[in-house]
>>> print(open('coords.tsv').read())   # TSV, C-alpha atoms
chain	number	residue	atom	x	y	z
A	16	MET	CA	-11.04	-17.98	-15.33
A	17	LYS	CA	-10.06	-16.57	-18.69
A	18	VAL	CA	-7.85	-17.68	-21.54
A	19	VAL	CA	-5.10	-15.09	-22.08
A	20	ASN	CA	-3.45	-16.57	-25.19
A	21	SER	CA	-2.71	-19.97	-26.72
A	22	THR	CA	-0.38	-20.92	-23.84
A	23	THR	CA	-1.85	-19.27	-20.75
A	24	ILE	CA	-4.95	-19.22	-18.54
A	25	ILE	CA	-5.57	-16.86	-15.63
A	26	GLY	CA	-7.87	-17.45	-12.67
A	27	PHE	CA	-8.82	-15.01	-9.93
A	28	THR	CA	-10.56	-14.39	-6.65
A	29	GLY	CA	-11.77	-11.01	-5.48
A	30	GLU	CA	-13.33	-8.01	-7.16
A	31	LEU	CA	-14.80	-8.67	-10.61
A	32	SER	CA	-14.40	-5.10	-11.88
A	33	ASP	CA	-10.71	-5.11	-10.94
A	34	PHE	CA	-10.28	-8.41	-12.79
A	35	ASP	CA	-11.97	-6.86	-15.84
A	36	TYR	CA	-9.36	-4.07	-15.70
A	37	ILE	CA	-6.56	-6.67	-15.50
A	38	MET	CA	-8.02	-8.52	-18.51
A	39	THR	CA	-8.15	-5.22	-20.42
A	40	LEU	CA	-4.42	-4.79	-19.78
A	41	LEU	CA	-3.71	-8.37	-20.89
A	42	ASN	CA	-5.88	-7.97	-24.00
A	43	GLU	CA	-3.86	-4.87	-24.93
A	44	LEU	CA	-0.65	-6.91	-24.61
A	45	SER	CA	-2.13	-9.69	-26.75
A	46	THR	CA	-3.19	-7.16	-29.38
A	47	THR	CA	0.33	-5.72	-29.44
A	48	ASP	CA	1.74	-9.26	-29.85
A	49	PHE	CA	-0.66	-9.88	-32.75
A	50	CYS	CA	0.13	-6.57	-34.45
A	51	GLU	CA	3.87	-7.21	-34.35
A	52	ASP	CA	3.15	-10.22	-36.59
A	53	ASP	CA	6.35	-12.05	-35.65
A	54	GLY	CA	4.63	-15.26	-34.49
A	55	LYS	CA	5.62	-14.73	-30.87
A	56	GLU	CA	3.36	-14.29	-27.89
A	57	LEU	CA	3.92	-13.76	-24.19
A	58	SER	CA	4.81	-16.84	-22.17
A	59	PRO	CA	3.06	-17.69	-18.89
A	60	MET	CA	6.22	-16.62	-16.99
A	61	GLU	CA	6.20	-13.22	-18.70
A	62	ILE	CA	2.50	-12.71	-17.97
A	63	HIS	CA	3.07	-13.65	-14.33
A	64	SER	CA	5.97	-11.20	-14.08
A	65	TYR	CA	3.92	-8.44	-15.73
A	66	LEU	CA	1.00	-8.99	-13.33
A	67	THR	CA	3.37	-8.93	-10.37
A	68	ARG	CA	4.55	-5.47	-11.44
A	69	VAL	CA	0.99	-4.24	-12.11
A	70	MET	CA	-0.26	-5.37	-8.69
A	71	TYR	CA	2.79	-3.96	-6.86
A	72	ASN	CA	2.55	-0.65	-8.74
A	73	ARG	CA	-1.14	-0.24	-7.83
A	74	ARG	CA	-0.35	-1.08	-4.22
A	75	ASN	CA	2.31	1.65	-4.12
A	76	LYS	CA	-0.25	4.16	-5.39
A	77	PHE	CA	-2.54	3.14	-2.48
A	78	ASP	CA	-5.10	2.00	-5.03
A	79	PRO	CA	-4.68	-1.80	-5.03
A	80	LEU	CA	-6.52	-4.15	-7.32
A	81	TRP	CA	-8.50	-6.40	-4.96
A	82	ASN	CA	-7.62	-9.72	-6.59
A	83	SER	CA	-5.50	-12.78	-6.10
A	84	LEU	CA	-4.44	-14.22	-9.45
A	85	VAL	CA	-3.38	-17.68	-10.56
A	86	VAL	CA	-1.42	-17.93	-13.82
A	87	ALA	CA	-1.04	-21.33	-15.50
A	88	GLY	CA	0.49	-22.30	-18.79
A	89	VAL	CA	2.95	-24.30	-20.86
A	90	LYS	CA	5.41	-22.91	-23.38
A	91	ASN	CA	8.45	-24.56	-24.97
A	92	GLY	CA	8.02	-27.58	-22.72
A	93	ARG	CA	8.14	-25.54	-19.50
A	94	ILE	CA	5.11	-25.94	-17.24
A	95	PHE	CA	4.37	-22.81	-15.23
A	96	LEU	CA	2.03	-22.28	-12.28
A	97	GLY	CA	2.23	-19.03	-10.32
A	98	MET	CA	0.21	-16.88	-7.94
A	99	VAL	CA	0.12	-13.08	-7.58
A	100	GLY	CA	-1.51	-11.41	-4.58
A	101	MET	CA	-3.17	-8.02	-4.38
A	102	ILE	CA	-0.05	-6.28	-3.05
A	103	GLY	CA	2.34	-7.84	-5.53
A	104	GLN	CA	3.53	-10.81	-3.47
A	105	HIS	CA	4.07	-13.78	-5.74
A	106	TYR	CA	5.35	-17.32	-5.91
A	107	GLU	CA	5.65	-20.29	-8.23
A	108	ASP	CA	4.98	-23.87	-7.18
A	109	SER	CA	3.68	-27.18	-8.50
A	110	HIS	CA	0.35	-26.47	-6.74
A	111	ILE	CA	-1.26	-23.09	-6.22
A	112	ALA	CA	-4.29	-21.73	-4.39
A	113	ALA	CA	-5.70	-18.25	-3.93
A	114	GLY	CA	-7.86	-16.65	-1.29
A	115	PHE	CA	-9.41	-19.04	1.24
A	116	GLY	CA	-7.88	-21.99	-0.62
A	117	ASN	CA	-4.42	-20.92	0.62
A	118	HIS	CA	-5.52	-21.84	4.13
A	119	VAL	CA	-7.58	-24.96	3.45
A	120	ALA	CA	-6.50	-26.51	0.14
A	121	ARG	CA	-2.73	-25.93	0.22
A	122	PRO	CA	-2.19	-28.23	3.25
A	123	LEU	CA	-4.09	-30.99	1.42
A	124	PHE	CA	-2.02	-30.40	-1.71
A	125	ARG	CA	1.21	-30.57	0.29
A	126	GLU	CA	0.14	-33.88	1.79
A	127	LYS	CA	-1.19	-35.65	-1.31
A	128	HIS	CA	0.25	-33.95	-4.42
A	129	SER	CA	3.04	-35.38	-6.52
A	130	ASP	CA	4.42	-34.06	-9.80
A	131	ASP	CA	3.83	-37.37	-11.61
A	132	MET	CA	0.10	-37.71	-10.77
A	133	SER	CA	-2.29	-38.91	-13.44
A	134	GLU	CA	-4.93	-36.47	-14.63
A	135	GLU	CA	-7.63	-38.54	-12.91
A	136	ASP	CA	-5.76	-38.52	-9.58
A	137	ALA	CA	-5.16	-34.78	-9.87
A	138	ARG	CA	-8.85	-34.15	-10.51
A	139	THR	CA	-9.83	-36.32	-7.51
A	140	LEU	CA	-7.41	-34.37	-5.29
A	141	MET	CA	-8.73	-31.08	-6.65
A	142	GLU	CA	-12.33	-32.06	-5.94
A	143	SER	CA	-11.48	-33.12	-2.38
A	144	CYS	CA	-9.78	-29.74	-1.83
A	145	LEU	CA	-12.80	-27.91	-3.24
A	146	LYS	CA	-15.10	-29.93	-0.98
A	147	ALA	CA	-12.98	-29.01	2.05
A	148	CYS	CA	-13.29	-25.33	1.11
A	149	VAL	CA	-17.05	-25.52	0.60
A	150	MET	CA	-17.65	-27.35	3.87
A	151	ARG	CA	-15.69	-24.70	5.81
A	152	ASP	CA	-17.08	-21.52	4.26
A	153	LYS	CA	-20.82	-21.00	4.54
A	154	SER	CA	-20.85	-18.12	2.04
A	155	MET	CA	-18.98	-19.99	-0.69
A	156	MET	CA	-20.84	-21.04	-3.82
A	157	ASN	CA	-20.62	-24.72	-4.76
A	158	LYS	CA	-19.88	-24.16	-8.46
A	159	PHE	CA	-16.41	-24.68	-9.91
A	160	GLN	CA	-14.53	-24.92	-13.17
A	161	ILE	CA	-11.23	-26.66	-13.86
A	162	ALA	CA	-8.77	-25.35	-16.43
A	163	LYS	CA	-6.37	-27.49	-18.43
A	164	VAL	CA	-3.37	-26.25	-20.38
A	165	GLU	CA	-1.32	-28.61	-22.56
A	166	GLU	CA	1.46	-27.77	-24.95
A	167	GLY	CA	0.32	-27.70	-28.57
A	168	LYS	CA	-3.38	-27.59	-27.63
A	169	ALA	CA	-5.74	-24.72	-26.95
A	170	PRO	CA	-6.32	-24.04	-23.24
A	171	GLU	CA	-9.58	-25.54	-21.94
A	172	ILE	CA	-11.94	-24.42	-19.19
A	173	SER	CA	-14.49	-27.00	-18.05
A	174	GLU	CA	-18.20	-26.43	-17.70
A	175	PRO	CA	-19.28	-25.48	-14.15
A	176	PHE	CA	-19.78	-28.43	-11.80
A	177	SER	CA	-20.60	-28.99	-8.12
A	178	VAL	CA	-18.78	-31.15	-5.62
A	179	ALA	CA	-20.73	-33.57	-3.42
A	180	THR	CA	-21.37	-32.23	0.07
A	181	GLU	CA	-22.89	-33.80	3.17
A	182	TRP	CA	-24.73	-31.62	5.66
A	183	ASN	CA	-26.33	-34.43	7.73
A	184	LEU	CA	-23.58	-34.55	10.32
A	185	ARG	CA	-24.93	-34.65	13.88
A	186	SER	CA	-22.93	-31.60	14.97
A	187	TYR	CA	-24.68	-29.44	12.34
A	188	HIS	CA	-28.12	-29.96	13.94
A	189	ASN	CA	-27.31	-28.11	17.18
A	190	PRO	CA	-23.87	-26.53	16.81
A	191	THR	CA	-24.01	-24.74	20.19
A	192	GLU	CA	-25.05	-27.80	22.21
A	193	PHE	CA	-21.70	-28.05	24.01
A	194	ALA	CA	-20.84	-24.32	23.97
A	195	PRO	CA	-22.39	-22.72	27.08
A	196	GLY	CA	-23.31	-19.09	26.72
A	197	CYS	CA	-23.71	-19.22	22.93
A	198	TRP	CA	-26.83	-18.31	21.07
>>> encode(input="coords.tsv", output="structure tokens")
Amino acid sequence: MKVVNSTTIIGFTGELSDFDYIMTLLNELSTTDFCEDDGKELSPMEIHSYLTRVMYNRRNKFDPLWNSLVVAGVKNGRIFLGMVGMIGQHYEDSHIAAGFGNHVARPLFREKHSDDMSEEDARTLMESCLKACVMRDKSMMNKFQIAKVEEGKAPEISEPFSVATEWNLRSYHNPTEFAPGCW
């Protein structure tokens, strides 16, 4: 995750070098905003729209950027949370996931999320979604960060943390016990 400006944070999955290129583009936009010296900066909605066009344009050139992006921010009282995929598909919602989380975490969010959750409840839900992802993907690393964007405050990204996992389940000891013909 990276802070884009005083109102917006961006998170990603996928290729790191492609994300570095995206951050270079966003840094150029931020520099232009600063040089105009009019006190205005891009809103999260504008950044999301810009990234949608960048990803779609690269897709049309048959040179896609291999990333899924999450854009979060608050400006003028409007909370924004949006996702942009590697071919330019995009959506806004009150809960977002990218990559593998679209398949595992989004159903949990749909079931348990509400727009008036406390920060503590939201963090508990987030950690349970992260645990579900970790327990279902053997190649996933168990290190996460949580970003927080509030109006009038600088965006924050937490220190890396791990979610509690349990690998002592009986079915993990001999996973092919009831699957004849498996290795």
>>> closest_residue(input="coords.tsv", among="A:Glu43, A:Glu181, A:Glu192, A:Glu56", to="Met150 of chain A", atoms="all atoms listed in the file")
A:Glu181
>>> residues_around(input="coords.tsv", residues="segment 88-94 of chain A", least_positions_apart="3", cutoff="9 Å", atoms="all atoms listed in the file", output="mmCIF file with C-alpha atoms, keeping the file's coordinate frame")
data_model
loop_
_atom_site.group_PDB
_atom_site.id
_atom_site.type_symbol
_atom_site.label_atom_id
_atom_site.label_comp_id
_atom_site.auth_asym_id
_atom_site.auth_seq_id
_atom_site.Cartn_x
_atom_site.Cartn_y
_atom_site.Cartn_z
ATOM 1 C CA SER A 21 -2.710 -19.970 -26.720
ATOM 2 C CA THR A 22 -0.380 -20.920 -23.840
ATOM 3 C CA THR A 23 -1.850 -19.270 -20.750
ATOM 4 C CA ILE A 24 -4.950 -19.220 -18.540
ATOM 5 C CA ILE A 25 -5.570 -16.860 -15.630
ATOM 6 C CA SER A 58 4.810 -16.840 -22.170
ATOM 7 C CA PRO A 59 3.060 -17.690 -18.890
ATOM 8 C CA MET A 60 6.220 -16.620 -16.990
ATOM 9 C CA SER A 109 3.680 -27.180 -8.500
ATOM 10 C CA LYS A 163 -6.370 -27.490 -18.430
ATOM 11 C CA VAL A 164 -3.370 -26.250 -20.380
ATOM 12 C CA GLU A 165 -1.320 -28.610 -22.560
ATOM 13 C CA GLU A 166 1.460 -27.770 -24.950
ATOM 14 C CA GLY A 167 0.320 -27.700 -28.570
ATOM 15 C CA PRO A 170 -6.320 -24.040 -23.240
#
>>> residues_around(input="coords.tsv", residues="segment 68-78 of chain A", least_positions_apart="6", cutoff="12 Å", atoms="all atoms listed in the file", output="JSON, numbers by chain")
{"A": [33, 34, 36, 37, 38, 40, 41, 61, 62, 84, 98, 99, 100, 101, 102, 103, 104, 105]}
>>> atom_distance(input="coords.tsv", atom1="atom CA of Met156 of chain A", atom2="atom CA of Ala113 of chain A")
15.4 Å
>>> closest_residue(input="coords.tsv", among="A:Glu135, A:Phe95, A:Cys148, A:Asn42", to="Arg121 of chain A", atoms="only C-alpha atoms")
A:Cys148
>>> axis_aligned_box(input="coords.tsv", around="segment 163-170 of chain A", padding_each_side="3 Å", output="AutoDock Vina command-line options")
--center_x -2.5 --center_y -26.3 --center_z -23.5 --size_x 13.8 --size_y 10.6 --size_z 16.1
>>> residues_around(input="coords.tsv", residues="Met141 of chain A", least_positions_apart="5", cutoff="10 Å", atoms="only C-alpha atoms", output="PyMOL selection string")
chain A and resi 120+123-124+128+135-136+146-147+161
>>> write_last_selection(input="coords.tsv", atoms="C-alpha atoms", output="PDB file, in the coordinates of the input")
ATOM      1  CA  ALA A 120      -6.500 -26.510   0.140  1.00  0.00           C
ATOM      2  CA  LEU A 123      -4.090 -30.990   1.420  1.00  0.00           C
ATOM      3  CA  PHE A 124      -2.020 -30.400  -1.710  1.00  0.00           C
ATOM      4  CA  HIS A 128       0.250 -33.950  -4.420  1.00  0.00           C
ATOM      5  CA  GLU A 135      -7.630 -38.540 -12.910  1.00  0.00           C
ATOM      6  CA  ASP A 136      -5.760 -38.520  -9.580  1.00  0.00           C
ATOM      7  CA  LYS A 146     -15.100 -29.930  -0.980  1.00  0.00           C
ATOM      8  CA  ALA A 147     -12.980 -29.010   2.050  1.00  0.00           C
ATOM      9  CA  ILE A 161     -11.230 -26.660 -13.860  1.00  0.00           C
TER      10      ILE A 161
END
>>> closest_residue(input="coords.tsv", among="A:Ala162, A:Ala194, A:Val149, A:Cys144", to="Thr180 of chain A", atoms="all atoms listed in the file")
A:Val149
